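Reading through the structure tokens given below for one structure.
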Amino acid sequence: MSMIAGPTWCTWTRAPQESGCGSGALEGLPEGLYNRDLVVRAVPNHYAGEGAAATRELGEFERRQWINGIVQAIRAVKADQQSLRLQNEFYERSKHPLDTPR
């Protein structure tokens with residue numbers, strides 16, 4: 001995606017020389033659970049992945065996937081009818097907390 005967003009941001013000739021491998025610092029934590037300090041240690045070069053394999057085509061594909069994901073999320077939020085109803089129900093019930101069913 002960097003090749004699309006800002007091709008001058010990176011020195012592509014150095015990509016094969018840099019390690020994008022993680023340090024394994026996050027091993028042992030459940031998936032999806034992160035610690036700020038460990039994340040910095042997990043990617044010590046602030047570079048993750050295999051930059052030498054990057055192509056414009058792959059960047060375009062990734063960008064389209066990312067944009068489509070955002071579009072789908074926005075459409076789902078706009079179409080949602082339940083959240084506002086549930087929110088209003090919660091606030092209405094919270095006005096009389098002792099009257100809520102147990």
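Scheme for the structure tokens: letters A, B, ... for chains in order shown; per-chain residue numbers from 1; ligand numbers from 1 in order shown.
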Write out as a count of residues only the residues lying within 12 Å of Gly51 of chain A, counting only C-alpha atoms and excluding same-chain residues fewer than 4 positions away. 20
According to DSSP computed on the backbone, where in chain A is there helix (DSSP H, G or I)? Give the residues as an NGL selection string. :A and (2-5 or 12-17 or 36-42 or 51-53 or 56-79 or 82-94 or 97-99)
Quick one: pull the distance between atom CA of Ala52 of chain A and atom CA of Thr8 of chain A, Å, one decimal. 15.2 Å
